[in-house]
>>> print(open('data27.csv').read())   # CSV, C-alpha atoms
chain,number,residue,atom,x,y,z
T,14,MET,CA,-78.5,58.5,81.1
T,15,LYS,CA,-80.7,55.4,80.5
T,16,GLN,CA,-81.5,56.6,77.0
T,17,ASN,CA,-77.8,57.1,76.2
T,18,SER,CA,-77.0,53.6,77.5
T,19,LEU,CA,-79.8,52.2,75.4
T,20,LYS,CA,-78.6,53.9,72.3
T,21,LEU,CA,-75.0,52.6,72.9
T,22,ALA,CA,-76.3,49.1,73.4
T,23,ILE,CA,-78.3,49.3,70.1
T,24,MET,CA,-75.2,50.6,68.2
T,25,LEU,CA,-73.0,47.8,69.5
T,26,ALA,CA,-75.5,45.1,68.7
T,27,THR,CA,-76.0,46.6,65.2
T,28,SER,CA,-72.3,46.7,64.5
T,29,VAL,CA,-71.8,43.1,65.6
T,30,VAL,CA,-74.6,42.0,63.3
T,31,ALA,CA,-73.1,43.9,60.5
T,32,LEU,CA,-69.8,42.1,60.8
T,33,PRO,CA,-69.4,39.3,58.2
T,34,ALA,CA,-69.6,35.9,59.7
T,35,LEU,CA,-66.3,34.0,59.3
T,36,ALA,CA,-67.0,30.5,58.2
T,37,ASP,CA,-64.6,27.8,59.1
T,38,VAL,CA,-61.8,27.6,56.6
T,39,THR,CA,-61.1,24.2,54.9
T,40,LEU,CA,-58.5,22.9,52.6
T,41,TYR,CA,-60.8,23.6,49.6
T,42,ASP,CA,-60.4,27.3,50.2
T,43,TYR,CA,-56.7,27.3,49.3
T,44,THR,CA,-55.8,29.5,46.3
T,45,GLU,CA,-52.8,27.8,44.7
T,46,ALA,CA,-49.5,29.6,44.5
T,47,THR,CA,-46.4,28.6,42.7
T,48,SER,CA,-45.0,25.9,45.0
T,49,ALA,CA,-42.9,22.9,45.5
T,50,TYR,CA,-43.1,19.9,47.8
T,51,GLU,CA,-40.9,16.9,48.4
T,52,ASP,CA,-41.6,13.6,50.1
T,53,ALA,CA,-38.4,11.5,50.6
T,54,TYR,CA,-38.4,8.5,52.9
T,55,LEU,CA,-36.0,5.7,53.7
T,56,SER,CA,-37.7,2.8,55.6
T,57,GLY,CA,-36.2,-0.3,57.1
T,58,SER,CA,-37.7,-3.3,58.9
T,59,ALA,CA,-36.4,-6.7,60.1
T,60,ASN,CA,-37.9,-10.0,61.2
T,61,ILE,CA,-35.7,-12.6,62.9
T,62,SER,CA,-37.1,-15.9,64.2
T,63,ARG,CA,-36.4,-19.5,65.0
T,64,ASN,CA,-39.4,-21.7,65.4
T,65,ARG,CA,-39.2,-25.1,67.2
T,66,ASN,CA,-39.0,-27.1,63.9
T,67,ASP,CA,-36.5,-24.8,62.3
T,68,ALA,CA,-33.0,-26.1,61.7
T,69,GLN,CA,-31.5,-22.6,61.6
T,70,THR,CA,-32.5,-19.0,62.3
T,71,ALA,CA,-34.8,-17.4,59.7
T,72,TYR,CA,-34.7,-13.7,58.8
T,73,ASP,CA,-36.2,-11.1,56.5
T,74,MET,CA,-34.6,-7.7,56.2
T,75,LYS,CA,-36.2,-5.1,54.0
T,76,LEU,CA,-35.2,-1.6,52.9
T,77,ASP,CA,-37.4,0.8,51.0
T,78,LEU,CA,-36.6,4.2,49.4
T,79,ARG,CA,-39.2,6.6,48.0
T,80,LEU,CA,-38.8,10.1,46.7
T,81,ASP,CA,-41.6,12.3,45.2
T,82,LYS,CA,-40.7,15.9,44.2
T,83,VAL,CA,-43.3,18.1,42.6
T,84,LEU,CA,-42.8,21.6,41.2
T,85,SER,CA,-46.0,23.5,40.5
T,86,SER,CA,-46.6,26.7,38.5
T,87,PRO,CA,-49.5,28.1,36.5
T,88,ASN,CA,-47.8,26.9,33.3
T,89,ARG,CA,-46.8,23.4,34.3
T,90,ASP,CA,-46.4,20.6,36.9
T,91,THR,CA,-43.1,18.7,37.0
T,92,THR,CA,-42.9,15.5,38.9
T,93,PHE,CA,-39.8,13.5,39.8
T,94,LYS,CA,-40.0,10.0,41.3
T,95,VAL,CA,-37.4,7.6,42.7
T,96,ASP,CA,-38.5,4.3,44.3
T,97,GLY,CA,-36.5,1.3,45.3
T,98,SER,CA,-36.6,-1.7,47.6
T,99,GLY,CA,-34.2,-4.4,48.6
T,100,LEU,CA,-34.8,-7.7,50.5
T,101,VAL,CA,-32.4,-10.1,52.1
T,102,SER,CA,-33.9,-13.3,53.6
T,103,ARG,CA,-33.3,-16.9,54.7
T,104,SER,CA,-35.7,-19.6,55.6
T,105,GLY,CA,-35.4,-21.9,58.6
T,106,THR,CA,-35.0,-25.0,56.5
T,107,SER,CA,-31.8,-26.9,57.0
T,108,GLY,CA,-29.1,-25.8,54.5
T,109,ALA,CA,-31.2,-22.9,53.2
T,110,LYS,CA,-29.0,-20.1,51.9
T,111,SER,CA,-29.5,-16.4,52.1
T,112,THR,CA,-31.2,-14.8,49.1
T,113,ASP,CA,-31.4,-11.2,48.0
T,114,SER,CA,-33.4,-9.2,45.5
T,115,TYR,CA,-33.9,-5.6,44.6
T,116,THR,CA,-35.9,-3.2,42.3
T,117,VAL,CA,-35.3,0.4,41.6
T,118,GLY,CA,-36.9,3.0,39.3
T,119,LEU,CA,-36.5,6.6,38.2
T,120,SER,CA,-39.1,8.7,36.3
T,121,ALA,CA,-39.9,12.3,35.4
T,122,THR,CA,-43.2,13.7,34.1
T,123,MET,CA,-44.0,17.2,32.8
T,124,ASP,CA,-47.6,18.4,32.4
T,125,ASN,CA,-47.7,21.6,30.3
T,126,TYR,CA,-51.0,23.5,30.4
T,127,PHE,CA,-52.4,25.1,27.2
T,128,THR,CA,-54.0,27.8,29.3
T,129,PRO,CA,-51.7,28.8,32.3
T,130,GLY,CA,-53.5,28.6,35.7
T,131,SER,CA,-56.3,26.6,34.4
T,132,LYS,CA,-57.6,23.1,35.4
T,133,GLY,CA,-58.1,22.1,31.8
T,134,ALA,CA,-56.2,20.5,29.0
T,135,PHE,CA,-52.4,19.9,28.9
T,136,TRP,CA,-49.9,18.0,27.0
T,137,PHE,CA,-47.4,15.8,28.8
T,138,GLY,CA,-44.0,14.1,28.3
T,139,ASN,CA,-42.5,11.5,30.5
T,140,GLY,CA,-39.6,9.1,30.8
T,141,SER,CA,-38.6,6.3,33.1
T,142,VAL,CA,-35.8,3.7,33.8
T,143,ARG,CA,-36.3,0.6,35.9
T,144,ALA,CA,-34.0,-2.2,37.0
T,145,ASN,CA,-34.5,-5.4,39.1
T,146,SER,CA,-32.4,-8.3,40.2
T,147,SER,CA,-34.3,-10.9,38.2
T,148,SER,CA,-33.5,-9.4,34.8
T,149,ASN,CA,-30.3,-8.5,33.0
T,150,ASP,CA,-32.2,-5.9,31.0
T,151,LEU,CA,-33.3,-2.4,32.0
T,152,GLU,CA,-36.8,-1.2,31.3
T,153,THR,CA,-36.7,2.1,29.5
T,154,LYS,CA,-39.7,4.1,28.3
T,155,LEU,CA,-40.6,7.5,26.8
T,156,GLY,CA,-44.1,8.9,26.5
T,157,LEU,CA,-46.0,11.8,25.0
T,158,GLY,CA,-49.8,12.5,25.2
T,159,LEU,CA,-52.7,14.7,26.2
T,160,GLY,CA,-54.5,15.1,29.6
T,161,TYR,CA,-57.1,17.1,31.4
T,162,GLY,CA,-57.4,18.3,35.0
T,163,ARG,CA,-55.1,19.5,37.8
T,164,VAL,CA,-54.0,18.3,41.2
T,165,VAL,CA,-53.3,21.0,43.7
T,166,ASN,CA,-51.0,20.6,46.7
T,167,VAL,CA,-53.1,22.0,49.6
T,168,THR,CA,-50.6,21.0,52.4
T,169,PRO,CA,-49.7,24.7,53.0
T,170,MET,CA,-53.3,25.4,54.0
T,171,ALA,CA,-53.4,22.4,56.3
T,172,LYS,CA,-50.3,23.8,58.0
T,173,ALA,CA,-51.9,27.3,58.2
T,174,ILE,CA,-55.0,25.9,59.8
T,175,ARG,CA,-53.0,23.9,62.3
T,176,LEU,CA,-50.8,26.9,63.2
T,177,VAL,CA,-53.8,29.2,63.7
T,178,ASP,CA,-55.7,26.6,65.8
T,179,SER,CA,-52.6,26.2,68.0
T,180,LEU,CA,-52.1,29.9,68.5
T,181,VAL,CA,-55.9,30.5,69.3
T,182,ALA,CA,-55.9,27.7,71.8
T,183,GLN,CA,-52.8,29.2,73.4
T,184,GLY,CA,-54.4,32.6,73.5
T,185,SER,CA,-51.6,34.2,71.5
T,186,ILE,CA,-54.0,35.5,68.8
T,187,SER,CA,-57.4,37.1,69.3
T,188,ARG,CA,-59.3,35.2,66.7
T,189,LYS,CA,-59.0,33.3,63.4
T,190,PRO,CA,-58.3,35.3,60.2
T,191,SER,CA,-60.6,35.5,57.2
T,192,LYS,CA,-60.1,33.2,54.2
T,193,ALA,CA,-58.0,35.8,52.5
T,194,GLY,CA,-55.8,35.9,55.6
T,195,TYR,CA,-55.5,32.1,55.7
T,196,ASN,CA,-54.4,32.1,52.1
T,197,GLN,CA,-51.8,34.8,52.7
T,198,ILE,CA,-50.3,32.7,55.5
T,199,ALA,CA,-50.5,29.5,53.4
T,200,ASN,CA,-48.8,31.1,50.4
T,201,ILE,CA,-45.8,32.1,52.6
T,202,ILE,CA,-45.7,28.5,54.0
T,203,ALA,CA,-45.7,27.2,50.4
T,204,LYS,CA,-42.5,29.1,49.7
T,205,GLU,CA,-40.4,27.4,52.4
T,206,ALA,CA,-38.0,26.0,49.8
T,207,GLU,CA,-37.5,29.5,48.3
T,208,TYR,CA,-36.6,30.8,51.8
T,209,ALA,CA,-34.1,28.0,52.3
T,210,SER,CA,-32.5,28.7,48.9
T,211,LYS,CA,-32.4,32.4,49.5
T,212,TYR,CA,-31.2,32.5,53.1
T,213,GLY,CA,-29.6,29.1,53.6
T,214,ARG,CA,-30.7,26.1,55.5
T,215,LYS,CA,-29.2,27.3,58.8
T,216,VAL,CA,-31.0,30.6,59.1
T,217,TYR,CA,-34.0,30.6,56.7
T,218,GLN,CA,-36.5,29.6,59.4
T,219,GLN,CA,-36.2,33.0,61.3
T,220,HIS,CA,-37.1,34.9,58.1
T,221,TRP,CA,-39.8,32.4,57.1
T,222,LEU,CA,-41.5,32.5,60.5
T,223,SER,CA,-41.1,36.3,60.7
T,224,ASP,CA,-43.0,36.7,57.4
T,225,ILE,CA,-45.7,34.4,58.7
T,226,GLU,CA,-46.0,36.6,61.8
T,227,SER,CA,-46.3,39.6,59.5
T,228,ALA,CA,-49.1,37.9,57.6
T,229,LEU,CA,-50.9,37.3,60.9
T,230,LYS,CA,-50.6,41.0,61.7
T,231,GLY,CA,-51.9,41.9,58.3
T,232,ALA,CA,-54.9,39.7,58.9
T,233,GLY,CA,-55.6,41.7,62.0
T,234,VAL,CA,-55.4,38.9,64.5
T,235,VAL,CA,-52.2,40.1,66.3
T,236,SER,CA,-51.7,43.4,68.0
T,237,GLY,CA,-48.0,44.1,68.3
T,238,ASN,CA,-45.6,41.2,68.1
T,239,LEU,CA,-46.0,37.5,69.0
T,240,ASN,CA,-44.7,36.8,72.5
T,241,ALA,CA,-41.9,34.3,73.1
T,242,ALA,CA,-44.4,31.5,73.9
T,243,ALA,CA,-46.2,32.1,70.6
T,244,VAL,CA,-42.9,32.1,68.6
T,245,LEU,CA,-41.9,28.8,70.2
T,246,GLU,CA,-45.4,27.3,69.5
T,247,ALA,CA,-45.1,28.5,65.8
T,248,ARG,CA,-41.7,26.8,65.5
T,249,ARG,CA,-43.0,23.6,67.1
T,250,VAL,CA,-45.9,23.4,64.6
T,251,MET,CA,-44.1,24.6,61.5
T,252,VAL,CA,-40.6,23.0,62.0
T,253,ASP,CA,-40.7,20.3,64.7
T,254,GLU,CA,-43.8,18.6,63.5
T,255,ARG,CA,-44.4,17.0,60.1
T,256,ILE,CA,-47.6,16.7,58.2
T,257,SER,CA,-48.4,14.2,55.5
T,258,THR,CA,-49.0,15.7,52.0
T,259,ARG,CA,-52.5,16.9,51.3
T,260,LYS,CA,-53.8,17.0,47.6
T,261,LEU,CA,-57.0,18.1,46.0
T,262,GLY,CA,-58.2,17.5,42.4
T,263,TRP,CA,-58.0,15.0,39.6
T,264,LYS,CA,-56.2,14.3,36.3
T,265,VAL,CA,-56.7,11.9,33.3
T,266,ARG,CA,-54.2,11.3,30.6
T,267,ALA,CA,-53.7,9.2,27.5
T,268,GLY,CA,-50.6,8.9,25.3
T,269,LEU,CA,-48.3,6.9,23.2
T,270,SER,CA,-45.0,5.5,24.5
T,271,TYR,CA,-41.8,4.1,23.1
T,272,ILE,CA,-40.4,1.1,24.9
T,273,GLY,CA,-36.6,0.9,24.4
T,274,THR,CA,-36.3,-2.4,26.4
T,275,ASN,CA,-38.3,-4.2,29.0
T,276,PHE,CA,-37.9,-7.0,31.5
T,277,ASP,CA,-39.3,-9.6,29.0
T,278,GLY,CA,-36.5,-8.9,26.5
T,279,LEU,CA,-38.6,-6.8,24.1
T,280,THR,CA,-36.9,-3.9,22.3
T,281,ASN,CA,-38.1,-0.9,20.2
T,282,LYS,CA,-41.8,-1.4,20.7
T,283,PRO,CA,-44.6,1.2,20.6
T,284,GLY,CA,-46.9,1.3,23.6
T,285,LEU,CA,-50.1,2.9,25.0
T,286,GLU,CA,-50.4,4.5,28.4
T,287,LEU,CA,-53.6,5.5,30.1
T,288,GLY,CA,-53.8,7.1,33.6
T,289,ALA,CA,-56.2,8.7,36.1
T,290,GLU,CA,-55.8,10.0,39.6
T,291,TYR,CA,-58.1,11.5,42.2
T,292,HIS,CA,-57.3,13.2,45.5
T,293,LYS,CA,-59.6,14.6,48.1
T,294,PRO,CA,-59.0,15.6,51.7
T,295,LEU,CA,-62.0,14.4,53.6
T,296,ASN,CA,-61.3,16.9,56.3
T,297,ASN,CA,-58.2,18.7,57.7
T,298,ARG,CA,-56.8,15.4,59.0
T,299,THR,CA,-57.8,12.8,56.5
T,300,GLN,CA,-56.6,12.3,52.9
T,301,PHE,CA,-58.1,10.0,50.3
T,302,SER,CA,-56.2,9.2,47.0
T,303,ASN,CA,-56.6,6.8,44.1
T,304,VAL,CA,-54.1,6.4,41.3
T,305,ALA,CA,-54.6,4.1,38.3
T,306,VAL,CA,-52.2,3.4,35.4
T,307,ALA,CA,-52.7,1.0,32.4
T,308,THR,CA,-49.9,0.3,29.9
T,309,ALA,CA,-49.9,-1.9,26.8
T,310,ILE,CA,-47.6,-2.9,24.0
T,311,LEU,CA,-48.9,-2.1,20.5
T,312,ASP,CA,-47.7,-5.0,18.5
T,313,ASN,CA,-49.6,-7.6,16.6
T,314,ALA,CA,-47.2,-10.3,17.7
T,315,THR,CA,-47.5,-9.3,21.4
T,316,ASP,CA,-50.6,-9.5,23.6
T,317,ALA,CA,-49.6,-8.0,26.9
T,318,TYR,CA,-50.7,-5.2,29.2
T,319,ASN,CA,-50.6,-4.2,32.8
T,320,LEU,CA,-53.1,-2.5,35.1
T,321,THR,CA,-52.2,-1.1,38.5
T,322,ASN,CA,-54.6,0.7,40.9
T,323,LYS,CA,-53.6,2.0,44.3
T,324,MET,CA,-56.2,3.4,46.7
T,325,SER,CA,-55.0,5.0,50.0
T,326,LEU,CA,-56.5,6.6,53.0
T,327,THR,CA,-54.3,8.5,55.5
T,328,HIS,CA,-55.6,9.8,58.8
T,329,GLU,CA,-53.8,12.0,61.3
T,330,ILE,CA,-54.9,10.6,64.7
T,331,ASP,CA,-52.7,13.0,66.6
T,332,ASP,CA,-50.1,15.6,65.8
T,333,ARG,CA,-47.5,12.8,66.2
T,334,ILE,CA,-49.4,9.7,65.0
T,335,ASP,CA,-50.5,8.9,61.4
T,336,TRP,CA,-52.5,5.9,60.2
T,337,GLU,CA,-51.8,5.0,56.6
T,338,ASN,CA,-54.0,2.4,54.8
T,339,SER,CA,-53.7,1.2,51.2
T,340,TRP,CA,-55.1,-1.3,48.7
T,341,THR,CA,-53.0,-2.1,45.6
T,342,LEU,CA,-54.4,-4.1,42.7
T,343,ASP,CA,-51.9,-5.3,40.1
T,344,TYR,CA,-53.0,-7.2,37.1
T,345,ASN,CA,-50.5,-8.4,34.5
T,346,LYS,CA,-51.6,-9.9,31.2
T,347,ALA,CA,-48.7,-11.9,30.0
T,348,ASP,CA,-47.8,-12.5,26.4
T,349,LYS,CA,-46.6,-15.9,27.3
T,350,GLY,CA,-47.5,-17.7,30.5
T,351,SER,CA,-50.3,-17.1,33.0
T,352,ASP,CA,-52.0,-13.9,33.8
T,353,VAL,CA,-51.1,-12.8,37.3
T,354,THR,CA,-53.3,-10.8,39.7
T,355,THR,CA,-52.0,-9.5,43.0
T,356,ASN,CA,-54.0,-7.8,45.7
T,357,THR,CA,-52.1,-6.2,48.7
T,358,LEU,CA,-53.7,-4.6,51.7
T,359,SER,CA,-51.5,-2.6,54.0
T,360,SER,CA,-52.1,-0.7,57.3
T,361,THR,CA,-49.4,1.3,59.0
T,362,PHE,CA,-49.2,3.2,62.3
T,363,LEU,CA,-46.5,5.8,62.3
T,364,TYR,CA,-45.3,7.5,65.5
T,365,GLN,CA,-43.1,10.6,65.1
T,366,LEU,CA,-40.0,10.3,67.3
T,367,THR,CA,-38.5,13.4,65.8
T,368,ASN,CA,-39.3,15.7,62.9
T,369,SER,CA,-37.4,13.3,60.6
T,370,LEU,CA,-37.7,9.9,62.3
T,371,ASP,CA,-40.8,7.7,62.6
T,372,TYR,CA,-41.4,4.4,64.4
T,373,SER,CA,-43.7,2.2,62.2
T,374,VAL,CA,-45.9,-0.9,62.7
T,375,THR,CA,-47.2,-2.4,59.5
T,376,ALA,CA,-49.7,-5.2,58.9
T,377,ASN,CA,-49.7,-6.6,55.3
T,378,VAL,CA,-52.0,-9.1,53.6
T,379,SER,CA,-51.1,-10.1,50.0
T,380,ASN,CA,-52.9,-12.5,47.7
T,381,THR,CA,-51.4,-13.8,44.4
T,382,ASN,CA,-53.3,-15.7,41.8
T,383,GLY,CA,-51.9,-17.0,38.5
T,384,THR,CA,-48.4,-18.3,39.6
T,385,ALA,CA,-47.0,-21.6,40.7
T,386,ASN,CA,-47.0,-20.3,44.2
T,387,ASP,CA,-50.6,-18.9,44.6
T,388,GLY,CA,-51.9,-18.1,48.0
T,389,THR,CA,-52.1,-15.4,50.7
T,390,ASP,CA,-49.2,-14.1,52.7
T,391,ARG,CA,-49.6,-12.2,56.0
T,392,SER,CA,-47.0,-10.3,57.9
T,393,LEU,CA,-46.6,-7.9,60.8
T,394,LEU,CA,-43.5,-5.7,60.7
T,395,MET,CA,-42.0,-3.1,63.0
T,396,GLY,CA,-39.4,-0.7,61.7
T,397,ILE,CA,-38.0,2.8,61.4
T,398,ARG,CA,-38.8,5.4,58.7
T,399,TYR,CA,-36.4,8.2,58.1
T,400,ARG,CA,-37.5,11.4,56.4
T,401,LEU,CA,-34.7,12.5,54.0
T,402,LYS,CA,-36.5,15.7,53.0
>>> encode(input="data27.csv", output="structure tokens")
Amino acid sequence: MKQNSLKLAIMLATSVVALPALADVTLYDYTEATSAYEDAYLSGSANISRNRNDAQTAYDMKLDLRLDKVLSSPNRDTTFKVDGSGLVSRSGTSGAKSTDSYTVGLSATMDNYFTPGSKGAFWFGNGSVRANSSSNDLETKLGLGLGYGRVVNVTPMAKAIRLVDSLVAQGSISRKPSKAGYNQIANIIAKEAEYASKYGRKVYQQHWLSDIESALKGAGVVSGNLNAAAVLEARRVMVDERISTRKLGWKVRAGLSYIGTNFDGLTNKPGLELGAEYHKPLNNRTQFSNVAVATAILDNATDAYNLTNKMSLTHEIDDRIDWENSWTLDYNKADKGSDVTTNTLSSTFLYQLTNSLDYSVTANVSNTNGTANDGTDRSLLMGIRYRLK
């Protein structure tokens, strides 16, 4: 009897040792599928004050719109962007009148890879239209050039990791799946827009979550069906909570552009465009990004160019709290007049009130050099951000 028990113990130990060790899955393990993602936000803030030396109430009311939509496939990446801002303000000085300003822009870029599915060379085409309240002219531009690299949307893997962690903590699944299992789940998560298109916005979630459950079964971590508590937890994580976009990879590009018109009154000018971007999730909750763009007008009679670099770090403190930080450098070499350099530091805490509404607190420090009104401005704003998509 003792010999049989000893043999059984040895067999169990040997089988456990023989099992492959499941390393922790990270965002770097995501195998990209054809996917689409969309970030669309409408933000508003207001500041109303009357200091003891003010003759009247001062106010600043600001509205910002941002839309980023990216469609990814092995053959190409297509990006649509819409951004706009409006400001209405009045100082506390006696007799000061209300002033308003706005800027709005639309752009589209298509990166077409020479080798589908690769992270190598591509050719691109883009176009943009911009308008602002200080100019009667639109800024219109078309571009064509070459690039190298690829940026992958790894948000579906971030959601898959969060879902599995929640279900393991709840005790609804026995263990975490393999990397292949995580990728199967993430690939279904990435197709949310397809499910919404196929089944309709009202009922697609039940089909989407059902297929995610099937992927968990296929990964061998669920015996039978998920219970009611697990289904509710899956819906809370996948539907009720939002997660900021996670990206991985880099791209560089160079091309020629045609400037139809610009805000300085120039028309029908050739231009040069250089760009680079780098994105890296530092962990499952922290995203680092840096995007740089340089543009110049190719004309012997014109000596002007612009360089913009935006560096950002987003950290998810809690499932409902995000901390977004950015540093934007803008250098404008003017053909006539002074060169202007602007550095802006911004730090924002976002608290999720619902899956589409955030309460925000933002601290800004902006320094401008090269204008008649050089100096540093500081502000602390509280507002609301509404997620359109």
>>> residues_around(input="data27.csv", residues="Pro87 in chain T", least_positions_apart="3", cutoff="8 Å", atoms="only C-alpha atoms", output="PyMOL selection string")
chain T and resi 47+126+129-131
>>> closest_residue(input="data27.csv", among="T:Ser85, T:Asn275, T:Thr354, T:Asn380", to="Ala144 in chain T", atoms="all atoms listed in the file")
T:Asn275
>>> closest_atom_pairs(input="data27.csv", of="range 181-263 of chain T", to="range 357-366 of chain T", cutoff="12 Å", atoms="only C-alpha atoms", output="CSV")
residue,atom,partner,partner_atom,distance
T:Asp253,CA,T:Gln365,CA,10.0
T:Glu254,CA,T:Gln365,CA,8.2
T:Arg255,CA,T:Gln365,CA,8.2
T:Ile256,CA,T:Gln365,CA,10.3
T:Ser257,CA,T:Leu363,CA,11.0
>>> atom_distance(input="data27.csv", atom1="CA of Leu55 in chain T", atom2="CA of Ile397 in chain T")
8.5 Å
>>> residues_near_point(input="data27.csv", point="(-47.1, 39.8, 57.4)", cutoff="12 Å", atoms="all atoms listed in the file", output="PDB file with C-alpha atoms, in the frame of the given file")
ATOM      1  CA  GLY T 194     -55.800  35.900  55.600  1.00  0.00           C
ATOM      2  CA  TYR T 195     -55.500  32.100  55.700  1.00  0.00           C
ATOM      3  CA  ASN T 196     -54.400  32.100  52.100  1.00  0.00           C
ATOM      4  CA  GLN T 197     -51.800  34.800  52.700  1.00  0.00           C
ATOM      5  CA  ILE T 198     -50.300  32.700  55.500  1.00  0.00           C
ATOM      6  CA  ALA T 199     -50.500  29.500  53.400  1.00  0.00           C
ATOM      7  CA  ASN T 200     -48.800  31.100  50.400  1.00  0.00           C
ATOM      8  CA  ILE T 201     -45.800  32.100  52.600  1.00  0.00           C
ATOM      9  CA  ILE T 202     -45.700  28.500  54.000  1.00  0.00           C
ATOM     10  CA  HIS T 220     -37.100  34.900  58.100  1.00  0.00           C
ATOM     11  CA  TRP T 221     -39.800  32.400  57.100  1.00  0.00           C
ATOM     12  CA  LEU T 222     -41.500  32.500  60.500  1.00  0.00           C
ATOM     13  CA  SER T 223     -41.100  36.300  60.700  1.00  0.00           C
ATOM     14  CA  ASP T 224     -43.000  36.700  57.400  1.00  0.00           C
ATOM     15  CA  ILE T 225     -45.700  34.400  58.700  1.00  0.00           C
ATOM     16  CA  GLU T 226     -46.000  36.600  61.800  1.00  0.00           C
ATOM     17  CA  SER T 227     -46.300  39.600  59.500  1.00  0.00           C
ATOM     18  CA  ALA T 228     -49.100  37.900  57.600  1.00  0.00           C
ATOM     19  CA  LEU T 229     -50.900  37.300  60.900  1.00  0.00           C
ATOM     20  CA  LYS T 230     -50.600  41.000  61.700  1.00  0.00           C
ATOM     21  CA  GLY T 231     -51.900  41.900  58.300  1.00  0.00           C
ATOM     22  CA  ALA T 232     -54.900  39.700  58.900  1.00  0.00           C
ATOM     23  CA  GLY T 233     -55.600  41.700  62.000  1.00  0.00           C
ATOM     24  CA  VAL T 234     -55.400  38.900  64.500  1.00  0.00           C
ATOM     25  CA  VAL T 235     -52.200  40.100  66.300  1.00  0.00           C
ATOM     26  CA  GLY T 237     -48.000  44.100  68.300  1.00  0.00           C
ATOM     27  CA  ASN T 238     -45.600  41.200  68.100  1.00  0.00           C
ATOM     28  CA  LEU T 239     -46.000  37.500  69.000  1.00  0.00           C
TER      29      LEU T 239
END
>>> closest_residue(input="data27.csv", among="T:Lys260, T:Arg89, T:Lys94, T:Arg266", to="Gly158 in chain T", atoms="all atoms listed in the file")
T:Arg266
>>> closest_residue(input="data27.csv", among="T:Ser102, T:Glu246, T:Arg391, T:Asn66", to="Val181 in chain T", atoms="only C-alpha atoms")
T:Glu246
>>> closest_residue(input="data27.csv", among="T:Asn377, T:Thr308, T:Ser351, T:Thr106", to="Glu337 in chain T", atoms="all atoms listed in the file")
T:Asn377
>>> residues_around(input="data27.csv", residues="Tyr72 in chain T", least_positions_apart="3", cutoff="7 Å", atoms="only C-alpha atoms", output="mmCIF file with C-alpha atoms, keeping the file's coordinate frame")
data_model
loop_
_atom_site.group_PDB
_atom_site.id
_atom_site.type_symbol
_atom_site.label_atom_id
_atom_site.label_comp_id
_atom_site.auth_asym_id
_atom_site.auth_seq_id
_atom_site.Cartn_x
_atom_site.Cartn_y
_atom_site.Cartn_z
ATOM 1 C CA ASN T 60 -37.900 -10.000 61.200
ATOM 2 C CA ILE T 61 -35.700 -12.600 62.900
ATOM 3 C CA SER T 62 -37.100 -15.900 64.200
ATOM 4 C CA SER T 102 -33.900 -13.300 53.600
ATOM 5 C CA ARG T 103 -33.300 -16.900 54.700
ATOM 6 C CA SER T 104 -35.700 -19.600 55.600
#
>>> atom_distance(input="data27.csv", atom1="CA of Ser210 in chain T", atom2="CA of Ala53 in chain T")
18.3 Å
>>> residues_around(input="data27.csv", residues="Asp343 in chain T", least_positions_apart="2", cutoff="9 Å", atoms="all atoms listed in the file", output="list in words")
Asn319, Leu320, Thr321, Asn322, Lys323, Thr341, Asn345, Val353, Thr354, Thr355, Asn356 and Thr357 of chain T
>>> closest_residue(input="data27.csv", among="T:Asp150, T:Glu205, T:Asp42, T:Glu51", to="Leu401 in chain T", atoms="only C-alpha atoms")
T:Glu51
>>> atom_distance(input="data27.csv", atom1="CA of Asn125 in chain T", atom2="CA of Gly160 in chain T")
9.4 Å
>>> closest_residue(input="data27.csv", among="T:Ala203, T:Ser58, T:Asp390, T:Tyr43", to="Ser373 in chain T", atoms="only C-alpha atoms")
T:Ser58
>>> residues_near_point(input="data27.csv", point="(-48.0, 21.5, 38.5)", cutoff="9 Å", atoms="only C-alpha atoms", output="ChimeraX atom specification")
/T:47-49,83-92,123-126,163-166
